[in-house]
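Text of my_file05.cif, listed as mmCIF, C-alpha atoms:
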```cif
data_run
#
loop_
_atom_site.label_atom_id
_atom_site.label_comp_id
_atom_site.auth_asym_id
_atom_site.auth_seq_id
_atom_site.Cartn_x
_atom_site.Cartn_y
_atom_site.Cartn_z
CA MET A 1 17.67 14.01 -11.08
CA PRO A 2 15.17 12.03 -9.05
CA THR A 3 16.11 11.47 -5.45
CA ARG A 4 15.72 8.22 -3.60
CA TRP A 5 12.81 9.76 -1.66
CA GLY A 6 11.31 11.22 -4.81
CA ASP A 7 11.26 7.82 -6.44
CA ALA A 8 9.69 6.33 -3.38
CA GLY A 9 7.03 9.05 -3.39
CA ARG A 10 6.17 8.43 -7.03
CA ARG A 11 5.90 4.72 -6.44
CA GLN A 12 3.65 5.22 -3.44
CA VAL A 13 0.87 6.91 -5.39
CA PRO A 14 -0.22 3.94 -7.52
CA ALA A 15 0.58 1.58 -4.66
CA VAL A 16 -1.92 3.39 -2.42
CA ARG A 17 -4.53 4.16 -5.06
CA GLY A 18 -4.48 0.75 -6.71
CA PRO A 19 -6.01 -1.30 -3.90
CA ARG A 20 -8.55 1.45 -3.21
CA ARG A 21 -9.74 1.42 -6.81
CA ALA A 22 -9.77 -2.34 -6.84
CA GLY A 23 -11.73 -2.38 -3.60
CA ALA A 24 -14.36 0.09 -4.76
CA PRO A 25 -16.47 -2.43 -6.74
CA ALA A 26 -16.35 -4.85 -3.82
CA LEU A 27 -17.44 -2.12 -1.42
CA LEU A 28 -20.19 -1.13 -3.84
CA THR A 29 -21.40 -4.71 -4.08
CA VAL A 30 -21.44 -5.10 -0.31
CA GLY A 31 -23.37 -1.85 0.01
CA VAL A 32 -25.96 -2.88 -2.56
CA LEU A 33 -26.45 -6.32 -1.00
CA TYR A 34 -26.65 -4.82 2.48
CA ALA A 35 -29.28 -2.32 1.33
CA LEU A 36 -31.32 -5.05 -0.37
CA VAL A 37 -31.32 -7.12 2.82
CA ALA A 38 -31.99 -4.14 5.09
CA ALA A 39 -34.94 -3.15 2.90
CA THR A 40 -36.67 -6.41 3.77
CA THR A 41 -36.97 -5.42 7.43
CA GLU A 42 -39.92 -3.69 9.01
CA PRO A 43 -39.40 -0.64 11.22
CA PHE A 44 -39.87 -1.19 14.95
CA THR A 45 -38.43 -4.70 14.78
CA TRP A 46 -35.08 -5.89 16.08
CA PRO A 47 -33.72 -6.85 12.62
CA ALA A 48 -34.36 -3.28 11.46
CA ASP A 49 -32.69 -1.96 14.59
CA VAL A 50 -29.63 -4.15 14.13
CA LEU A 51 -29.21 -3.56 10.39
CA THR A 52 -29.53 0.19 10.88
CA ALA A 53 -27.34 0.30 13.98
CA LEU A 54 -24.42 -1.49 12.30
CA PRO A 55 -23.68 1.27 9.74
CA ILE A 56 -24.20 3.88 12.46
CA ALA A 57 -21.65 2.15 14.66
CA ALA A 58 -19.30 1.77 11.69
CA MET A 59 -19.60 5.48 10.99
CA ALA A 60 -18.71 6.32 14.58
CA VAL A 61 -15.66 4.04 14.47
CA LEU A 62 -14.49 5.32 11.07
CA ALA A 63 -14.95 8.96 12.05
CA VAL A 64 -12.85 8.50 15.17
CA ALA A 65 -10.22 6.37 13.45
CA ARG A 66 -9.82 8.21 10.15
CA TRP A 67 -10.63 11.83 10.77
CA PRO A 68 -7.97 14.24 11.94
CA ARG A 69 -8.25 15.27 15.56
CA ARG A 70 -7.98 18.95 14.64
CA PRO A 71 -9.36 19.44 11.14
CA ALA A 72 -8.41 22.28 8.85
CA PRO A 73 -11.73 23.51 7.34
CA ARG A 74 -11.72 23.25 3.54
CA ARG A 75 -13.40 26.38 2.24
CA PRO A 76 -14.40 26.40 -1.44
CA ALA A 77 -13.01 29.14 -3.66
CA GLY A 78 -15.09 32.22 -4.46
CA PRO A 79 -16.64 35.05 -2.45
CA HIS A 80 -19.74 33.31 -1.06
CA PRO A 81 -20.19 30.01 -2.89
CA LEU A 82 -21.93 28.35 0.04
CA ARG A 83 -24.61 31.02 0.45
CA PRO A 84 -27.10 29.60 -2.12
CA TRP A 85 -26.96 26.22 -0.40
CA VAL A 86 -27.47 27.81 3.00
CA VAL A 87 -30.55 29.61 1.66
CA LEU A 88 -31.88 26.37 0.18
CA GLY A 89 -31.23 24.55 3.45
CA VAL A 90 -33.11 27.19 5.43
CA LEU A 91 -36.04 26.96 3.00
CA VAL A 92 -36.14 23.15 3.28
CA ILE A 93 -36.03 23.21 7.08
CA GLY A 94 -38.59 26.04 7.20
CA TRP A 95 -41.03 24.25 4.88
CA GLU A 96 -40.53 20.99 6.79
CA LEU A 97 -41.50 22.76 10.01
CA VAL A 98 -44.50 24.45 8.37
CA GLU A 99 -45.78 21.15 7.01
CA TYR A 100 -45.08 19.31 10.25
CA ALA A 101 -46.99 21.87 12.30
CA ALA A 102 -49.88 22.22 9.85
CA ARG A 103 -53.24 20.85 10.95
CA GLY A 104 -54.86 18.21 8.80
CA ALA A 105 -54.00 14.90 7.23
CA ARG A 106 -50.34 14.17 6.60
CA ARG A 107 -51.29 13.48 2.97
CA LEU A 108 -52.25 17.13 2.65
CA HIS A 109 -49.09 18.31 4.38
CA PRO A 110 -46.30 15.94 3.42
CA THR A 111 -43.03 16.09 5.30
CA LEU A 112 -39.71 14.58 4.28
CA SER A 113 -40.40 11.72 6.67
CA SER A 114 -43.86 10.98 5.30
CA MET A 115 -42.56 11.06 1.73
CA ALA A 116 -39.75 8.69 2.71
CA ASP A 117 -42.30 6.42 4.39
CA ALA A 118 -44.25 6.30 1.14
CA LEU A 119 -41.11 5.20 -0.69
CA ASP A 120 -40.30 2.65 2.00
CA ARG A 121 -43.51 0.73 1.30
CA HIS A 122 -41.86 -0.61 -1.83
CA TRP A 123 -38.96 -2.96 -1.20
CA LEU A 124 -36.79 -1.87 -4.10
CA LEU A 125 -37.35 1.84 -3.47
CA LYS A 126 -36.52 1.35 0.18
CA ALA A 127 -33.34 -0.46 -0.85
CA VAL A 128 -32.43 2.51 -3.06
CA VAL A 129 -33.05 4.96 -0.21
CA PHE A 130 -31.02 2.79 2.17
CA PHE A 131 -28.18 2.57 -0.32
CA CYS A 132 -28.23 6.35 -0.77
CA TRP A 133 -28.02 6.72 3.01
CA LEU A 134 -25.04 4.35 3.15
CA SER A 135 -23.37 6.18 0.25
CA LEU A 136 -23.85 9.52 1.95
CA GLY A 137 -22.23 8.10 5.08
CA ALA A 138 -19.25 6.88 3.06
CA ALA A 139 -19.00 10.27 1.35
CA ILE A 140 -19.06 12.02 4.73
CA VAL A 141 -16.22 9.83 6.02
CA ALA A 142 -14.18 10.48 2.87
CA ALA A 143 -14.87 14.23 2.97
CA GLY A 144 -13.80 14.42 6.60
CA ARG A 145 -10.40 13.04 5.73
CA ALA A 146 -9.85 16.11 3.53
CA GLY A 147 -9.53 18.11 6.74
CA ALA A 148 -6.20 16.51 7.54
CA ALA A 149 -3.25 18.88 7.44
CA PRO A 150 -1.38 18.57 4.14
CA SER A 151 1.26 15.90 4.17
CA PRO A 152 4.73 17.35 4.67
CA GLY A 153 5.89 15.20 1.77
CA PRO A 154 9.10 13.26 1.53
CA PRO A 155 11.86 13.99 4.02
CA THR A 156 13.94 17.03 3.28
CA PRO A 157 17.01 16.08 1.27
CA GLY A 158 20.33 16.41 2.91
CA PRO A 159 22.77 19.26 2.45
CA GLY A 160 23.80 19.80 -1.12
CA GLU A 161 20.71 18.12 -2.59
CA GLY A 162 18.65 21.30 -2.78
CA SER A 163 15.47 22.25 -0.96
CA ALA A 164 12.50 20.30 -2.28
CA SER A 165 9.99 21.24 0.40
CA ASP A 166 8.62 24.61 1.40
CA ALA A 167 6.69 26.03 4.30
CA SER A 168 3.31 25.36 2.66
CA GLY A 169 3.35 21.81 3.89
CA ALA A 170 3.50 22.84 7.52
CA VAL A 171 -0.07 24.04 7.96
CA SER A 172 -1.45 22.99 11.31
CA MET B 1 -55.40 22.53 -3.39
CA SER B 2 -53.56 22.20 -0.11
CA GLU B 3 -52.08 18.87 -1.15
CA ALA B 4 -50.91 20.37 -4.44
CA LEU B 5 -49.29 23.22 -2.53
CA GLY B 6 -47.55 20.86 -0.14
CA VAL B 7 -46.20 18.58 -2.82
CA GLY B 8 -45.51 21.45 -5.22
CA ALA B 9 -43.32 23.24 -2.72
CA TRP B 10 -41.20 20.12 -2.28
CA VAL B 11 -40.91 19.77 -6.04
CA VAL B 12 -39.80 23.40 -6.32
CA LEU B 13 -37.19 22.87 -3.60
CA GLY B 14 -35.96 19.73 -5.35
CA VAL B 15 -35.70 21.52 -8.66
CA GLY B 16 -33.88 24.33 -6.85
CA ALA B 17 -31.32 21.85 -5.55
CA LEU B 18 -30.83 20.46 -9.05
CA GLY B 19 -30.49 24.00 -10.37
CA LEU B 20 -27.81 24.85 -7.82
CA TRP B 21 -25.97 21.66 -8.71
CA ALA B 22 -26.08 22.61 -12.40
CA LEU B 23 -24.95 26.16 -11.61
CA SER B 24 -22.06 24.84 -9.55
CA ARG B 25 -20.75 23.09 -12.65
CA ARG B 26 -20.93 26.26 -14.74
CA ALA B 27 -19.82 28.81 -12.16
CA PRO B 28 -18.01 27.09 -9.30
CA ASP B 29 -16.85 30.43 -7.89
CA ALA B 30 -20.45 31.57 -7.47
CA VAL B 31 -22.03 28.32 -6.30
CA ALA B 32 -20.14 25.56 -4.53
CA SER B 33 -20.61 22.01 -5.74
CA PRO B 34 -22.43 19.56 -3.46
CA SER B 35 -19.15 17.78 -2.78
CA ALA B 36 -17.52 21.07 -1.80
CA VAL B 37 -20.39 21.77 0.57
CA LEU B 38 -20.03 18.32 2.08
CA ARG B 39 -16.26 18.75 2.36
CA ARG B 40 -16.71 22.09 4.11
CA LEU B 41 -19.19 20.61 6.58
CA ALA B 42 -17.10 17.49 7.19
CA THR B 43 -13.97 19.49 7.95
CA GLY B 44 -15.51 21.99 10.36
CA PRO B 45 -14.68 21.16 13.99
CA VAL B 46 -18.31 21.46 15.11
CA ALA B 47 -20.11 21.07 11.78
CA ARG B 48 -18.68 17.60 11.22
CA ILE B 49 -20.10 16.37 14.52
CA VAL B 50 -23.50 17.86 13.69
CA LEU B 51 -23.30 16.33 10.21
CA VAL B 52 -22.57 12.85 11.53
CA LEU B 53 -25.30 13.09 14.16
CA CYS B 54 -27.80 14.22 11.51
CA TRP B 55 -26.80 11.30 9.29
CA MET B 56 -27.17 8.85 12.15
CA TRP B 57 -30.52 10.27 13.21
CA ALA B 58 -31.83 10.24 9.62
CA GLY B 59 -31.00 6.55 9.22
CA TRP B 60 -32.48 5.59 12.55
CA HIS B 61 -35.60 7.63 11.91
CA LEU B 62 -36.14 6.38 8.37
CA PHE B 63 -35.35 2.71 8.76
CA ALA B 64 -35.54 1.67 12.40
CA ARG B 65 -37.96 3.84 14.38
#
```
Let me see whether you can do it: turn the structure in this file into structure tokens.
Amino acid sequence: MPTRWGDAGRRQVPAVRGPRRAGAPALLTVGVLYALVAATTEPFTWPADVLTALPIAAMAVLAVARWPRRPAPRRPAGPHPLRPWVVLGVLVIGWELVEYAARGARRLHPTLSSMADALDRHWLLKAVVFFCWLSLGAAIVAAGRAGAAPSPGPPTPGPGEGSASDASGAVS
Amino acid sequence: MSEALGVGAWVVLGVGALGLWALSRRAPDAVASPSAVLRRLATGPVARIVLVLCWMWAGWHLFAR
């Protein structure tokens, strides 16, 4: 028999998810338009500074406001599933340093920055790169929220209604 | 030759990233998905700060300065 709290919990799921799903296209549109405008700016100018600083400031505010103060690290299942990515990351950083320190024209020793600069010469490509950067920021904010301790769920029913919650919801 | 090496290495690393992503879909216990990697980084007490700072620096470096 569903409890009063159980009914409330079931109703909350669509109520919370609905607006988020409805807001996703709007957020996507804003992101695309923002990237298209930001791509028109030239580096080392104040419009570029402002249009880049705004998402950075937004990220700082969102991280402070939405992330748990003491996160619970979310480790993926498996023995060492992160190891291949760590190896790839070390290789990327190592090659970046090798190319950066190499003598000769940058064309002969491209770095991630120089390749990004080449893309940025084209307005639409720069807009795509900017949008990817914004999307990564949004993904980071969303991923950080996963570190919140699991919700304890609905309040424990009173005596005689049975025990619906267990200790698994009390991870700190 | 040197230019081919420089660009080729980046291509190999990019293909490697795509390969890991494909592997993560087939064997998630062996290779974490990119989203799982991001989630792990974003929920580490120190790693999340480093991650955010790297993201901020990347944007500033690529688009502003």
inquiry  = With 6 Å as the limit and counting only C-alpha atoms, what residues in chain A lie close to chain B? Please list them as a ChimeraX atom specification.
reply    = /A:43-44,48-49,56,71,73-75,77-78,81-82,108-109,143-144,147
inquiry  = Could you list, as a list in words, every residue within 12 Å of A:Val61, counting all atoms listed in the file and ignoring same-chain residues fewer than 6 positions away?
reply    =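 Close residues of A:Val61: Leu54, Pro55, Trp67 and Val141 of chain A; Val52 of chain B.
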query = atom CA of A:Pro68 to atom CA of B:Cys54: how many Å, to one decimal?
reply =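 Computing the Euclidean distance for atom CA of A:Pro68 and atom CA of B:Cys54 yields 19.8 Å.
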query = At what distance in Å, to one decimal, does atom CA of A:Val32 lie from atom CA of A:Ala142?
reply =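 So the two atoms, atom CA of A:Ala142 and atom CA of A:Val32, lie 18.6 Å apart.
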key: Shortest interatomic distance to A:Ala139 - which of A:Ala116, A:Val86, A:Met59, A:Ala105, counting only C-alpha atoms   =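 Closest to A:Ala139, using only C-alpha atoms: A:Met59.
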task = Give me the residues within 10 Å of A:Glu96 as a PyMOL selection string, counting only C-alpha atoms and dropping any in the same chain fewer than 2 places off.
result = (chain A and resi 90-94+98-102+109-113) or (chain B and resi 6+10)
inquiry  = For a test of reading the model, state the distance in Å between atom CA of A:Ala24 and atom CA of A:Cys132, rounded to one decimal.
reply    =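 Computing it gives 15.7 Å between the two atoms.
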task = Run the PyMOL selection byres ((chain A and resi 121) around 12) mentally over the shown coordinates, then write out the matched residues as a ChimeraX atom specification, using the chain letters and numbers from the document.
result = /A:39-43,114-120,122-127,129 /B:62-63
Need the axis-aligned box for stretch 32-48 of chain A with 6 Å each side, so what are the centre and edges in Å to one decimal, as lines of an AutoDock Vina configuration file?
```
center_x = -32.9
center_y = -3.9
center_z = 6.8
size_x = 26.0
size_y = 18.5
size_z = 30.6
```
Since the input is missing atoms for stretch 34-62 of chain B, could you rebuild it with N, CA and C atoms and give the result as a PDB file, in the coordinates of the input?
```
ATOM      1  N   PRO B  34     -21.995  20.328  -4.632  1.00  0.00           N
ATOM      2  CA  PRO B  34     -22.430  19.560  -3.460  1.00  0.00           C
ATOM      3  C   PRO B  34     -21.266  18.897  -2.718  1.00  0.00           C
ATOM      4  N   SER B  35     -20.292  18.422  -3.462  1.00  0.00           N
ATOM      5  CA  SER B  35     -19.150  17.780  -2.780  1.00  0.00           C
ATOM      6  C   SER B  35     -18.336  18.800  -2.002  1.00  0.00           C
ATOM      7  N   ALA B  36     -18.241  20.030  -2.528  1.00  0.00           N
ATOM      8  CA  ALA B  36     -17.520  21.070  -1.800  1.00  0.00           C
ATOM      9  C   ALA B  36     -18.269  21.455  -0.527  1.00  0.00           C
ATOM     10  N   VAL B  37     -19.596  21.484  -0.613  1.00  0.00           N
ATOM     11  CA  VAL B  37     -20.390  21.770   0.570  1.00  0.00           C
ATOM     12  C   VAL B  37     -20.184  20.687   1.624  1.00  0.00           C
ATOM     13  N   LEU B  38     -20.222  19.442   1.156  1.00  0.00           N
ATOM     14  CA  LEU B  38     -20.030  18.320   2.080  1.00  0.00           C
ATOM     15  C   LEU B  38     -18.637  18.364   2.700  1.00  0.00           C
ATOM     16  N   ARG B  39     -17.639  18.695   1.865  1.00  0.00           N
ATOM     17  CA  ARG B  39     -16.260  18.750   2.360  1.00  0.00           C
ATOM     18  C   ARG B  39     -16.120  19.858   3.411  1.00  0.00           C
ATOM     19  N   ARG B  40     -16.772  20.988   3.152  1.00  0.00           N
ATOM     20  CA  ARG B  40     -16.710  22.090   4.110  1.00  0.00           C
ATOM     21  C   ARG B  40     -17.340  21.681   5.443  1.00  0.00           C
ATOM     22  N   LEU B  41     -18.508  21.021   5.350  1.00  0.00           N
ATOM     23  CA  LEU B  41     -19.190  20.610   6.580  1.00  0.00           C
ATOM     24  C   LEU B  41     -18.375  19.541   7.321  1.00  0.00           C
ATOM     25  N   ALA B  42     -17.798  18.615   6.566  1.00  0.00           N
ATOM     26  CA  ALA B  42     -17.100  17.490   7.190  1.00  0.00           C
ATOM     27  C   ALA B  42     -15.737  17.870   7.731  1.00  0.00           C
ATOM     28  N   THR B  43     -15.273  19.068   7.430  1.00  0.00           N
ATOM     29  CA  THR B  43     -13.970  19.490   7.950  1.00  0.00           C
ATOM     30  C   THR B  43     -14.104  20.624   8.963  1.00  0.00           C
ATOM     31  N   GLY B  44     -15.306  20.996   9.302  1.00  0.00           N
ATOM     32  CA  GLY B  44     -15.510  21.990  10.360  1.00  0.00           C
ATOM     33  C   GLY B  44     -15.473  21.289  11.711  1.00  0.00           C
ATOM     34  N   PRO B  45     -14.810  21.839  12.696  1.00  0.00           N
ATOM     35  CA  PRO B  45     -14.680  21.160  13.990  1.00  0.00           C
ATOM     36  C   PRO B  45     -16.035  20.802  14.611  1.00  0.00           C
ATOM     37  N   VAL B  46     -16.991  21.712  14.533  1.00  0.00           N
ATOM     38  CA  VAL B  46     -18.310  21.460  15.110  1.00  0.00           C
ATOM     39  C   VAL B  46     -19.259  20.906  14.051  1.00  0.00           C
ATOM     40  N   ALA B  47     -19.183  21.462  12.852  1.00  0.00           N
ATOM     41  CA  ALA B  47     -20.110  21.070  11.780  1.00  0.00           C
ATOM     42  C   ALA B  47     -20.003  19.583  11.479  1.00  0.00           C
ATOM     43  N   ARG B  48     -18.817  19.020  11.566  1.00  0.00           N
ATOM     44  CA  ARG B  48     -18.680  17.600  11.220  1.00  0.00           C
ATOM     45  C   ARG B  48     -19.388  16.711  12.243  1.00  0.00           C
ATOM     46  N   ILE B  49     -19.388  17.150  13.491  1.00  0.00           N
ATOM     47  CA  ILE B  49     -20.100  16.370  14.520  1.00  0.00           C
ATOM     48  C   ILE B  49     -21.602  16.466  14.279  1.00  0.00           C
ATOM     49  N   VAL B  50     -22.082  17.669  13.983  1.00  0.00           N
ATOM     50  CA  VAL B  50     -23.500  17.860  13.690  1.00  0.00           C
ATOM     51  C   VAL B  50     -23.896  17.042  12.456  1.00  0.00           C
ATOM     52  N   LEU B  51     -23.020  17.069  11.454  1.00  0.00           N
ATOM     53  CA  LEU B  51     -23.300  16.330  10.210  1.00  0.00           C
ATOM     54  C   LEU B  51     -23.440  14.836  10.473  1.00  0.00           C
ATOM     55  N   VAL B  52     -22.517  14.286  11.225  1.00  0.00           N
ATOM     56  CA  VAL B  52     -22.570  12.850  11.530  1.00  0.00           C
ATOM     57  C   VAL B  52     -23.810  12.512  12.347  1.00  0.00           C
ATOM     58  N   LEU B  53     -24.117  13.350  13.334  1.00  0.00           N
ATOM     59  CA  LEU B  53     -25.300  13.090  14.160  1.00  0.00           C
ATOM     60  C   LEU B  53     -26.579  13.162  13.314  1.00  0.00           C
ATOM     61  N   CYS B  54     -26.632  14.117  12.399  1.00  0.00           N
ATOM     62  CA  CYS B  54     -27.800  14.220  11.510  1.00  0.00           C
ATOM     63  C   CYS B  54     -27.921  12.975  10.631  1.00  0.00           C
ATOM     64  N   TRP B  55     -26.785  12.505  10.119  1.00  0.00           N
ATOM     65  CA  TRP B  55     -26.800  11.300   9.290  1.00  0.00           C
ATOM     66  C   TRP B  55     -27.281  10.100  10.096  1.00  0.00           C
ATOM     67  N   MET B  56     -26.772   9.969  11.292  1.00  0.00           N
ATOM     68  CA  MET B  56     -27.170   8.850  12.150  1.00  0.00           C
ATOM     69  C   MET B  56     -28.666   8.925  12.478  1.00  0.00           C
ATOM     70  N   TRP B  57     -29.109  10.112  12.847  1.00  0.00           N
ATOM     71  CA  TRP B  57     -30.520  10.270  13.210  1.00  0.00           C
ATOM     72  C   TRP B  57     -31.415   9.977  11.994  1.00  0.00           C
ATOM     73  N   ALA B  58     -31.021  10.454  10.833  1.00  0.00           N
ATOM     74  CA  ALA B  58     -31.830  10.240   9.620  1.00  0.00           C
ATOM     75  C   ALA B  58     -31.992   8.743   9.357  1.00  0.00           C
ATOM     76  N   GLY B  59     -30.911   7.989   9.452  1.00  0.00           N
ATOM     77  CA  GLY B  59     -31.000   6.550   9.220  1.00  0.00           C
ATOM     78  C   GLY B  59     -31.872   5.859  10.240  1.00  0.00           C
ATOM     79  N   TRP B  60     -31.681   6.217  11.489  1.00  0.00           N
ATOM     80  CA  TRP B  60     -32.480   5.590  12.550  1.00  0.00           C
ATOM     81  C   TRP B  60     -33.953   5.924  12.387  1.00  0.00           C
ATOM     82  N   HIS B  61     -34.217   7.175  12.064  1.00  0.00           N
ATOM     83  CA  HIS B  61     -35.600   7.630  11.910  1.00  0.00           C
ATOM     84  C   HIS B  61     -36.269   7.003  10.690  1.00  0.00           C
ATOM     85  N   LEU B  62     -35.542   6.888   9.609  1.00  0.00           N
ATOM     86  CA  LEU B  62     -36.140   6.380   8.370  1.00  0.00           C
ATOM     87  C   LEU B  62     -36.307   4.866   8.356  1.00  0.00           C
TER      88      LEU B  62
END
```
